[in-house]
Amino acid sequence: MEQVFEAIWQAITLQALIMVSIGVFAGITVGAIPGLTSVMAIAVLVPFSFFMAPINGIPFLLGIHKGALFGGSIPSVLINTPGTAAAAATSFDGYPLAQKGEAKSAIQMALYASTLGDTFSDIVLIVAAFPLAAVALLFGPTEFFALMVMGLTIISAVTGSSVLKGLLSMLLGILVGLIGQDIISGAERFTFGIGNIMDGVGTVPMLIGLFAVSEVLVQSEKKLSVLSNPPETAHLKGGRSLKLKELVNVKWTIMRSSLIGTAVGAIPGTGAAIATFISYALAKRGSKNPEEFGKGSYEGVAAAEASNSAVAGADLIPTLAFGIPGSASAAILMGAFMAQGLRPGPGLFQEHAATMYGIFTLLLLGNPIMLLQGKLLTPLFARIVTIRQSILVPIILLFCVVGGFIYQNSIEDVKVALVFGLFGYALRKLNFPLAPLVIAYILTASAEESMKQALVLSDGNFFVFLTRPISAFFIFLSVALLGLAVWKRPWAD
Amino acid sequence: MLKRGILWVGAMAAVVVLVAAPQAGAAKYPIKPIKVILATGAGGSHDMHCRAVASVIHEYLGQPFLCTVRGGGGGKIGMTALKRSKPDGYTIALGSNSHFGIAPHARNMGFDPKTDFVPIFQVNGSPFMLVTKSTTPWKTFKDLIDDAKKRPGKISISSNGAWGSSHLGIIQIMRAAKVKFKHVPFRGGGKAWQAMYGGHTDLGWANVTTGGTLGRVKSGDLTLIATASQKRMPEFPNHPTFYELGVNYEYKSWRVFMGPKGIPQDRIAILQAALHKASKSKSLKKLIKQFGEKLSPLSGPKLKEAYLGQIDFYGKVFKDMNFKKKK
């Protein structure tokens with residue numbers, strides 16, 4: 001025990017803290033720029049860590065991982081452009097808040113929820129990595145499918161005023177989600193021979209198009225005189241600060257979302273998006289003011305952000321315990337660990353106890369560092385909403401094009417973004433909610449894949465989803481959630 | 001006095017530049033960074049290897065490697081980008097066997113690996129292995145086949161995708177041993193391995209690094225059924241190859257620097273020389289060792305022969321299956 005404290009004490013050097021700070025700052029910046037992902041940033045910066053001491057290099061990369069998950073909330077709130085699938089739910093409420101002139105407090109809510117969610121999952125990682133990773137391995141195709149079905153039930157919570165339009169939007173999302181190679185036969189579906197969509201429509205260009213490009217088109221309808229004036233909410237200068245009471249009010253939401261984010265994040269291959277959607281849906285169900293969701297609910301922002309940041313620590317659980325990376329970022333982080341001779345597996349904590357506890361200490365310290373940086377940066381970011389639309393809108397369009405391009409260094413993805421921009425614009429004009437489409441699109445690919453794999457394994461027996469306990473639990477929960485939705489809100493248009 | 005001194009130095013410098021410039025202009029390569037396309041995803045083993053090589057190559061080449069991830073389309077996007085690039089030695093790729101060896105036989109990839117590319121330098125290759133959890137009843141290939149004959153279509157094997165490297169292995173085993181397995185494709189080898197390790201499928205494929213397979217076989221956590229290598233792997237001298245078991249199958253996760261056809265031979269030679277030197281560097285050796293791999297540098301006619309050999313090998317596998325290539 002004494003040795004552990006000794007190791008922790010030695011880990012907290014000024015140099016290490018500076019590296020974490022630089023990492024967090026880089027992460028927030030990367031997350032805040034639509035199109036740039038933490039995966040890319042970590043991949044590019046990994047070689048620098050090769051030549052640093054493990055205690056400096058790895059916390060630096062972990063800082064990026066952390067920072068980016070919070071950073072993604074910034075464009076979601078300010079310009080309705082989620083940089084990642086996980087941040088999509090943040091924009092459901094964050095953007096309406098920004099439009100009301102409460103951008104600053106919305107980002108602050110995202111910051112506090114992110115930090116708390118991240119801290120929670122870091123602690124779970126340190127305390128219970130091995131038992132949790134063993135549970136995560138119980139998730140096979142059957143369980144994945146049931147989990148995705150549960151994710152899909154959230155759609156009932158975001159259909160907006162017209163259930164019919166919500167459902168149609170969902171079907172369109174499923175259609176888009178089915179584009180690409182079929183997992184079992186390898187046959188291409190709806191790709192028209194276009195290379196870039198052979199593996200499915202890219203999430204980033206699709207989100208950029210659907211949200212940001214369509215927003216640009218909506219704005220461009222306005223008269224120049226309107227666009228050239230400062231926005232109505234400009235005098236608020238980004239708005240007020242979040243009150244402590246507002247944060248205390250959502251403590252249970254943050255707690256629950258952190259728990260869901262950590263639990264789902266620990267299952268390799270699920271990703272932050274599904275955890276976030278489930279948390280959002282449950283937050284709405286459990287809320288005293290569910291009618292505010294989608295129109296600017298702080299609770300909604302908190303639910304989404306706590307959950308997607310809780311994945312930061314959690315996806316390292318299977319990575320370090322079994323060498324199975326929980327996400328693309330975790331895969332690169334695993335490479336960085338290995339390059340330092342820190343081989344994932346049960347031996348890791350025995351052979352390298354001092355180094356690992358040092359790294360974990362810095363991982364935890366990254367949270368207050370993120371909080372501090374976020375506090376300082378938020379007022380600056382929030383001022384973006386005071387910029388005149390005539391200047392802001394072209395800049396957003398520029399970001400859309402650049403973001404679509406750098407996603408895979410491909411001009412084809414810019415076309416994807418623009419096509420989805422037109423598509424999103426048409427849907428907005430017809431008053432279709434976009435949220436069901438996005439959620440259905442993100443979940444469909446994994447749901448279909450796992451369903452087919454499960455059916456191959458069960459020789460085509462559909463009852464497998466009900467006879468396996470974990471799967472049955474999720475299916476039951478989904479039915480209950482849907483039942484509750486029907487019961488609480490009659491099918492009135 | 002000082003002024004004249006400066007003038008003199010200036011004049012001398014000009015002379016030196018004038019004399020040296022034409023020579024430099026004609027032969028100097030590289031004068032700018034070299035872009036390395038990765039047709040695989042960010043963070044995969046190709047990505048890590050590329051970045052490891054890039055971390056030292058500038059010492060031997062005078063210019064850095066810029067590893068550029070262009071995944072998607074099962075390698076189509078990155079590899080066609082390589083085909084379209086200018087053959088001036090400033091764009092190369094760290095190629096994967098599944099992209100240039102297998103995929104072109106399965107579907108239209110937009111390139112012909114034999115005529116559009118040249119292999120430059122082999123970094124290394126790690127053979128595939130068929131593994132199962134030690135809790136399953138099979139200890140040897142024979143155990144597995146005997147059981148599969150009793151229960152046709154009941155034993156499941158996960159693969160990294162339809163018509164990909166491990167699917168072909170499954171097909172070859174089924175043909176050679178006249179048995180039937182349940183093939184469960186996943187997107188990527190990591191997910192397929194995870195399904196095997198979680199006990200959701202009975203068997204799976206791995207190379208030494210996937211999920212720490214090397215250590216797990218040695219500790220008895222996993223059972224190694226056979227290796228898809230040409231000869232027995234030095235790490236596992238007591239485990240047979242598929243060839244020994246009568247199954248015509250090999251696959252290695254191969255990392256080969258390659259370029260578009262038409263790169264001047266002298267430039268290829270400069271790249272090869274630098275890469276050979278780099279692979280002797282202690283820090284690169286150490287990095288690759290930490291990944292659980294080792295370097296096996298190879299270039300020239302031997303590499304070319306191996307490259308063409310792999311393409312032909314999979315071509316024959318597909319032909320034997322009477323596979324109809326998708327347009």
# chains A, B, ... in the order shown; residues from 1 in each chain; ligands from 1
>>> interface_residues(of="chain A", to="chain B", cutoff="7 Å", atoms="only C-alpha atoms", output="list of chain:residue names")
A:Ala43, A:Pro47, A:Leu137, A:Leu138, A:Gly140, A:Ile183, A:Ile184, A:Ser185, A:Gly186, A:Gly195, A:Asn196, A:Met198, A:Asp199, A:Phe322, A:Gly323, A:Ile324, A:Ala328, A:Ala331, A:Ile332, A:Gly335, A:Met338, A:Ala339, A:Gln340, A:Gly341, A:Gln408, A:Asn409, A:Gln453, A:Val456
>>> residues_around(residues="Met109 of chain A", least_positions_apart="2", cutoff="7 Å", atoms="only C-alpha atoms", output="PDB file with C-alpha atoms, in the first residue's frame")
ATOM      1  CA  SER A 105     -25.192  28.125 -19.053  1.00  0.00           C
ATOM      2  CA  ALA A 106     -25.963  25.268 -21.447  1.00  0.00           C
ATOM      3  CA  ILE A 107     -22.267  24.644 -22.113  1.00  0.00           C
ATOM      4  CA  LEU A 111     -19.116  20.773 -18.667  1.00  0.00           C
ATOM      5  CA  TYR A 112     -20.245  19.879 -15.153  1.00  0.00           C
ATOM      6  CA  ALA A 113     -22.166  16.814 -16.318  1.00  0.00           C
ATOM      7  CA  LEU A 242     -25.455  28.221 -14.547  1.00  0.00           C
ATOM      8  CA  TYR A 298     -30.959  21.515 -18.855  1.00  0.00           C
ATOM      9  CA  VAL A 301     -28.124  18.310 -21.703  1.00  0.00           C
ATOM     10  CA  ALA A 302     -26.955  16.869 -18.389  1.00  0.00           C
TER      11      ALA A 302
END
>>> atom_distance(atom1="atom CA of Ile37 of chain B", atom2="atom CA of Pro59 of chain A")
28.2 Å
>>> residues_around(residues="Arg256 of chain A", least_positions_apart="6", cutoff="9 Å", atoms="only C-alpha atoms", output="PyMOL selection string")
chain A and resi 279+282-283+303+306-307
>>> select_by_dssp(residues="segment 135-298 of chain B", states="alpha helix (DSSP H)", output="ChimeraX atom specification")
/B:141-150,165-177,189-197,213-219,265-278,282-291
>>> closest_residue(among="A:Pro231, A:Gly286, A:Gly200, A:Gly421", to="Leu484 of chain A", atoms="only C-alpha atoms")
A:Gly286
>>> select_by_dssp(residues="segment 118-214 of chain A", states="strand (DSSP E)", output="ChimeraX atom specification")
/A:180-181,188-189
>>> closest_residue(among="A:Gly269, A:Gly403, A:Pro141, A:Gly193", to="Ser329 of chain A", atoms="only C-alpha atoms")
A:Gly269
>>> atom_distance(atom1="atom CA of Leu295 of chain B", atom2="atom CA of Ser279 of chain B")
6.9 Å
>>> residues_around(residues="segment 414-417 of chain A", least_positions_apart="6", cutoff="8 Å", atoms="only C-alpha atoms", output="list of chain:residue names")
A:Val201, A:Pro205, A:Met206, A:Leu207, A:Ile208, A:Gly209, A:Leu210, A:Val213, A:Cys400, A:Val401, A:Val402, A:Gly404, A:Phe405
>>> write_last_selection(atoms="N, CA, C and O atoms", output="compact mmCIF listing (two decimals), in the first residue's frame")
# COMPACT_ATOMS: atom_id res chain seq x y z
N VAL A 201 -23.02 4.87 -44.64
CA VAL A 201 -22.85 6.32 -44.72
C VAL A 201 -22.04 6.78 -43.51
O VAL A 201 -22.33 6.39 -42.38
N PRO A 205 -19.95 12.97 -41.71
CA PRO A 205 -20.53 13.76 -42.80
C PRO A 205 -22.05 13.79 -42.75
O PRO A 205 -22.67 14.81 -43.07
N MET A 206 -22.65 12.69 -42.33
CA MET A 206 -24.10 12.62 -42.27
C MET A 206 -24.63 13.61 -41.24
O MET A 206 -25.56 14.37 -41.51
N LEU A 207 -24.03 13.63 -40.06
CA LEU A 207 -24.48 14.53 -39.01
C LEU A 207 -24.24 15.99 -39.39
O LEU A 207 -25.10 16.85 -39.17
N ILE A 208 -23.07 16.24 -39.99
CA ILE A 208 -22.77 17.61 -40.41
C ILE A 208 -23.82 18.08 -41.41
O ILE A 208 -24.34 19.19 -41.32
N GLY A 209 -24.14 17.21 -42.37
CA GLY A 209 -25.11 17.58 -43.39
C GLY A 209 -26.48 17.81 -42.80
O GLY A 209 -27.09 18.87 -42.97
N LEU A 210 -26.93 16.82 -42.06
CA LEU A 210 -28.30 16.84 -41.57
C LEU A 210 -28.57 18.04 -40.65
O LEU A 210 -29.60 18.69 -40.74
N VAL A 213 -25.59 21.78 -42.35
CA VAL A 213 -25.83 22.29 -43.70
C VAL A 213 -27.29 22.70 -43.84
O VAL A 213 -27.60 23.74 -44.42
N CYS A 400 -18.47 23.00 -42.39
CA CYS A 400 -19.15 21.80 -42.86
C CYS A 400 -18.33 21.12 -43.95
O CYS A 400 -18.12 19.91 -43.94
N VAL A 401 -17.88 21.93 -44.90
CA VAL A 401 -17.14 21.38 -46.04
C VAL A 401 -15.80 20.81 -45.57
O VAL A 401 -15.43 19.68 -45.88
N VAL A 402 -15.10 21.61 -44.77
CA VAL A 402 -13.79 21.16 -44.28
C VAL A 402 -13.95 19.93 -43.40
O VAL A 402 -13.22 18.94 -43.53
N GLY A 404 -16.37 17.72 -43.37
CA GLY A 404 -16.73 16.55 -44.18
C GLY A 404 -15.49 15.98 -44.86
O GLY A 404 -15.33 14.77 -44.96
N PHE A 405 -14.59 16.86 -45.28
CA PHE A 405 -13.41 16.41 -46.00
C PHE A 405 -12.42 15.69 -45.07
O PHE A 405 -11.98 14.58 -45.35
>>> atom_distance(atom1="atom CA of Ser296 of chain B", atom2="atom CA of Gln122 of chain B")
7.0 Å
>>> residues_around(residues="Leu427 of chain A", least_positions_apart="5", cutoff="10 Å", atoms="only C-alpha atoms", output="list in words")
Lys165, Ser169, Leu210, Ser214, Gly421, Leu422, Phe432, Pro433 and Leu434 of chain A
>>> write_last_selection(atoms="C-alpha atoms", output="compact mmCIF listing (two decimals), in the first residue's frame")
# COMPACT_ATOMS: atom_id res chain seq x y z
CA LYS A 165 -43.97 12.18 -38.62
CA SER A 169 -38.47 10.01 -39.75
CA LEU A 210 -28.30 16.84 -41.57
CA SER A 214 -29.61 22.25 -43.38
CA GLY A 421 -27.93 18.92 -46.01
CA LEU A 422 -30.55 19.14 -48.76
CA PHE A 432 -40.24 16.31 -39.64
CA PRO A 433 -38.22 15.90 -36.43
CA LEU A 434 -34.58 15.01 -37.18
>>> closest_residue(among="A:Ala7, A:Val149, A:Ala103, A:Val486", to="Ala445 of chain A", atoms="only C-alpha atoms")
A:Val149
>>> residues_around(residues="Lys83 of chain B", least_positions_apart="3", cutoff="9 Å", atoms="only C-alpha atoms", output="MDAnalysis selection string")
chainID B and resid 78:80 86:87 110:111 116:117 259:261
>>> residues_around(residues="Val250 of chain A", least_positions_apart="3", cutoff="8 Å", atoms="only C-alpha atoms", output="PDB file with N, CA, C and O atoms, in the first residue's frame")
ATOM      1  N   GLU A 246     -29.478  24.756 -10.133  1.00  0.00           N
ATOM      2  CA  GLU A 246     -29.865  24.018 -11.349  1.00  0.00           C
ATOM      3  C   GLU A 246     -29.072  22.723 -11.470  1.00  0.00           C
ATOM      4  O   GLU A 246     -29.582  21.714 -11.955  1.00  0.00           O
ATOM      5  N   LEU A 247     -27.817  22.786 -11.046  1.00  0.00           N
ATOM      6  CA  LEU A 247     -26.987  21.594 -11.097  1.00  0.00           C
ATOM      7  C   LEU A 247     -27.463  20.582 -10.054  1.00  0.00           C
ATOM      8  O   LEU A 247     -27.566  19.384 -10.338  1.00  0.00           O
ATOM      9  N   THR A 253     -30.243  12.710 -12.278  1.00  0.00           N
ATOM     10  CA  THR A 253     -30.092  12.470 -13.714  1.00  0.00           C
ATOM     11  C   THR A 253     -28.626  12.227 -14.054  1.00  0.00           C
ATOM     12  O   THR A 253     -28.292  11.301 -14.799  1.00  0.00           O
ATOM     13  N   ILE A 254     -27.745  13.061 -13.494  1.00  0.00           N
ATOM     14  CA  ILE A 254     -26.318  12.903 -13.773  1.00  0.00           C
ATOM     15  C   ILE A 254     -25.823  11.564 -13.230  1.00  0.00           C
ATOM     16  O   ILE A 254     -25.098  10.832 -13.898  1.00  0.00           O
ATOM     17  N   GLU A 299     -31.853  19.453 -18.040  1.00  0.00           N
ATOM     18  CA  GLU A 299     -31.784  18.060 -17.634  1.00  0.00           C
ATOM     19  C   GLU A 299     -31.371  17.180 -18.831  1.00  0.00           C
ATOM     20  O   GLU A 299     -30.601  16.230 -18.675  1.00  0.00           O
ATOM     21  N   ALA A 302     -27.704  17.571 -19.433  1.00  0.00           N
ATOM     22  CA  ALA A 302     -26.955  16.869 -18.389  1.00  0.00           C
ATOM     23  C   ALA A 302     -26.976  15.370 -18.634  1.00  0.00           C
ATOM     24  O   ALA A 302     -25.947  14.691 -18.526  1.00  0.00           O
TER      25      ALA A 302
END
>>> closest_residue(among="A:Ala454, A:Ala89, A:Met334, A:Val218", to="Leu466 of chain A", atoms="only C-alpha atoms")
A:Ala454
>>> decode(residues="segment 93-115 of chain A", atoms="N, CA, C and O atoms", output="PDB file, in the first residue's frame")
ATOM      1  N   ASP A  93     -31.269  19.495 -26.906  1.00  0.00           N
ATOM      2  CA  ASP A  93     -31.667  20.527 -25.946  1.00  0.00           C
ATOM      3  C   ASP A  93     -30.686  21.691 -25.886  1.00  0.00           C
ATOM      4  O   ASP A  93     -31.070  22.807 -25.584  1.00  0.00           O
ATOM      5  N   GLY A  94     -29.424  21.402 -26.189  1.00  0.00           N
ATOM      6  CA  GLY A  94     -28.414  22.447 -26.101  1.00  0.00           C
ATOM      7  C   GLY A  94     -28.671  23.568 -27.099  1.00  0.00           C
ATOM      8  O   GLY A  94     -28.569  24.752 -26.756  1.00  0.00           O
ATOM      9  N   TYR A  95     -29.011  23.195 -28.320  1.00  0.00           N
ATOM     10  CA  TYR A  95     -29.207  24.230 -29.342  1.00  0.00           C
ATOM     11  C   TYR A  95     -30.426  25.105 -29.056  1.00  0.00           C
ATOM     12  O   TYR A  95     -30.336  26.330 -29.134  1.00  0.00           O
ATOM     13  N   PRO A  96     -31.575  24.506 -28.686  1.00  0.00           N
ATOM     14  CA  PRO A  96     -32.702  25.362 -28.293  1.00  0.00           C
ATOM     15  C   PRO A  96     -32.342  26.333 -27.164  1.00  0.00           C
ATOM     16  O   PRO A  96     -32.784  27.489 -27.169  1.00  0.00           O
ATOM     17  N   LEU A  97     -31.507  25.883 -26.237  1.00  0.00           N
ATOM     18  CA  LEU A  97     -31.088  26.774 -25.151  1.00  0.00           C
ATOM     19  C   LEU A  97     -30.257  27.929 -25.698  1.00  0.00           C
ATOM     20  O   LEU A  97     -30.430  29.082 -25.290  1.00  0.00           O
ATOM     21  N   ALA A  98     -29.349  27.604 -26.629  1.00  0.00           N
ATOM     22  CA  ALA A  98     -28.521  28.661 -27.217  1.00  0.00           C
ATOM     23  C   ALA A  98     -29.388  29.669 -27.954  1.00  0.00           C
ATOM     24  O   ALA A  98     -29.137  30.875 -27.915  1.00  0.00           O
ATOM     25  N   GLN A  99     -30.423  29.167 -28.618  1.00  0.00           N
ATOM     26  CA  GLN A  99     -31.308  30.083 -29.350  1.00  0.00           C
ATOM     27  C   GLN A  99     -32.066  31.004 -28.409  1.00  0.00           C
ATOM     28  O   GLN A  99     -32.430  32.110 -28.761  1.00  0.00           O
ATOM     29  N   LYS A 100     -32.304  30.512 -27.187  1.00  0.00           N
ATOM     30  CA  LYS A 100     -32.971  31.343 -26.193  1.00  0.00           C
ATOM     31  C   LYS A 100     -32.002  32.329 -25.555  1.00  0.00           C
ATOM     32  O   LYS A 100     -32.394  33.092 -24.689  1.00  0.00           O
ATOM     33  N   GLY A 101     -30.744  32.260 -25.941  1.00  0.00           N
ATOM     34  CA  GLY A 101     -29.756  33.167 -25.358  1.00  0.00           C
ATOM     35  C   GLY A 101     -29.102  32.597 -24.120  1.00  0.00           C
ATOM     36  O   GLY A 101     -28.546  33.330 -23.311  1.00  0.00           O
ATOM     37  N   GLU A 102     -29.180  31.281 -23.951  1.00  0.00           N
ATOM     38  CA  GLU A 102     -28.584  30.687 -22.754  1.00  0.00           C
ATOM     39  C   GLU A 102     -27.449  29.723 -23.120  1.00  0.00           C
ATOM     40  O   GLU A 102     -27.323  28.635 -22.567  1.00  0.00           O
ATOM     41  N   ALA A 103     -26.648  30.158 -24.075  1.00  0.00           N
ATOM     42  CA  ALA A 103     -25.564  29.287 -24.555  1.00  0.00           C
ATOM     43  C   ALA A 103     -24.563  28.987 -23.463  1.00  0.00           C
ATOM     44  O   ALA A 103     -24.136  27.841 -23.284  1.00  0.00           O
ATOM     45  N   LYS A 104     -24.201  30.028 -22.714  1.00  0.00           N
ATOM     46  CA  LYS A 104     -23.151  29.857 -21.720  1.00  0.00           C
ATOM     47  C   LYS A 104     -23.568  28.840 -20.656  1.00  0.00           C
ATOM     48  O   LYS A 104     -22.830  27.911 -20.336  1.00  0.00           O
ATOM     49  N   SER A 105     -24.762  29.031 -20.118  1.00  0.00           N
ATOM     50  CA  SER A 105     -25.192  28.125 -19.053  1.00  0.00           C
ATOM     51  C   SER A 105     -25.392  26.707 -19.595  1.00  0.00           C
ATOM     52  O   SER A 105     -25.159  25.730 -18.879  1.00  0.00           O
ATOM     53  N   ALA A 106     -25.794  26.603 -20.865  1.00  0.00           N
ATOM     54  CA  ALA A 106     -25.963  25.268 -21.447  1.00  0.00           C
ATOM     55  C   ALA A 106     -24.617  24.552 -21.545  1.00  0.00           C
ATOM     56  O   ALA A 106     -24.501  23.373 -21.203  1.00  0.00           O
ATOM     57  N   ILE A 107     -23.594  25.281 -22.008  1.00  0.00           N
ATOM     58  CA  ILE A 107     -22.267  24.644 -22.113  1.00  0.00           C
ATOM     59  C   ILE A 107     -21.737  24.331 -20.722  1.00  0.00           C
ATOM     60  O   ILE A 107     -21.091  23.297 -20.514  1.00  0.00           O
ATOM     61  N   GLN A 108     -22.031  25.218 -19.761  1.00  0.00           N
ATOM     62  CA  GLN A 108     -21.564  24.935 -18.399  1.00  0.00           C
ATOM     63  C   GLN A 108     -22.214  23.665 -17.853  1.00  0.00           C
ATOM     64  O   GLN A 108     -21.564  22.861 -17.200  1.00  0.00           O
ATOM     65  N   MET A 109     -23.500  23.511 -18.150  1.00  0.00           N
ATOM     66  CA  MET A 109     -24.168  22.279 -17.708  1.00  0.00           C
ATOM     67  C   MET A 109     -23.484  21.071 -18.338  1.00  0.00           C
ATOM     68  O   MET A 109     -23.225  20.059 -17.670  1.00  0.00           O
ATOM     69  N   ALA A 110     -23.174  21.216 -19.640  1.00  0.00           N
ATOM     70  CA  ALA A 110     -22.480  20.117 -20.327  1.00  0.00           C
ATOM     71  C   ALA A 110     -21.137  19.847 -19.654  1.00  0.00           C
ATOM     72  O   ALA A 110     -20.744  18.690 -19.461  1.00  0.00           O
ATOM     73  N   LEU A 111     -20.436  20.910 -19.285  1.00  0.00           N
ATOM     74  CA  LEU A 111     -19.116  20.773 -18.667  1.00  0.00           C
ATOM     75  C   LEU A 111     -19.207  20.052 -17.325  1.00  0.00           C
ATOM     76  O   LEU A 111     -18.464  19.102 -17.070  1.00  0.00           O
ATOM     77  N   TYR A 112     -20.134  20.505 -16.467  1.00  0.00           N
ATOM     78  CA  TYR A 112     -20.245  19.879 -15.153  1.00  0.00           C
ATOM     79  C   TYR A 112     -20.680  18.418 -15.287  1.00  0.00           C
ATOM     80  O   TYR A 112     -20.134  17.535 -14.644  1.00  0.00           O
ATOM     81  N   ALA A 113     -21.677  18.184 -16.150  1.00  0.00           N
ATOM     82  CA  ALA A 113     -22.166  16.814 -16.318  1.00  0.00           C
ATOM     83  C   ALA A 113     -21.057  15.921 -16.878  1.00  0.00           C
ATOM     84  O   ALA A 113     -20.859  14.792 -16.418  1.00  0.00           O
ATOM     85  N   SER A 114     -20.299  16.449 -17.866  1.00  0.00           N
ATOM     86  CA  SER A 114     -19.195  15.686 -18.453  1.00  0.00           C
ATOM     87  C   SER A 114     -18.171  15.329 -17.397  1.00  0.00           C
ATOM     88  O   SER A 114     -17.721  14.190 -17.300  1.00  0.00           O
ATOM     89  N   THR A 115     -17.774  16.332 -16.626  1.00  0.00           N
ATOM     90  CA  THR A 115     -16.730  16.109 -15.627  1.00  0.00           C
ATOM     91  C   THR A 115     -17.182  15.086 -14.597  1.00  0.00           C
ATOM     92  O   THR A 115     -16.429  14.181 -14.238  1.00  0.00           O
TER      93      THR A 115
END
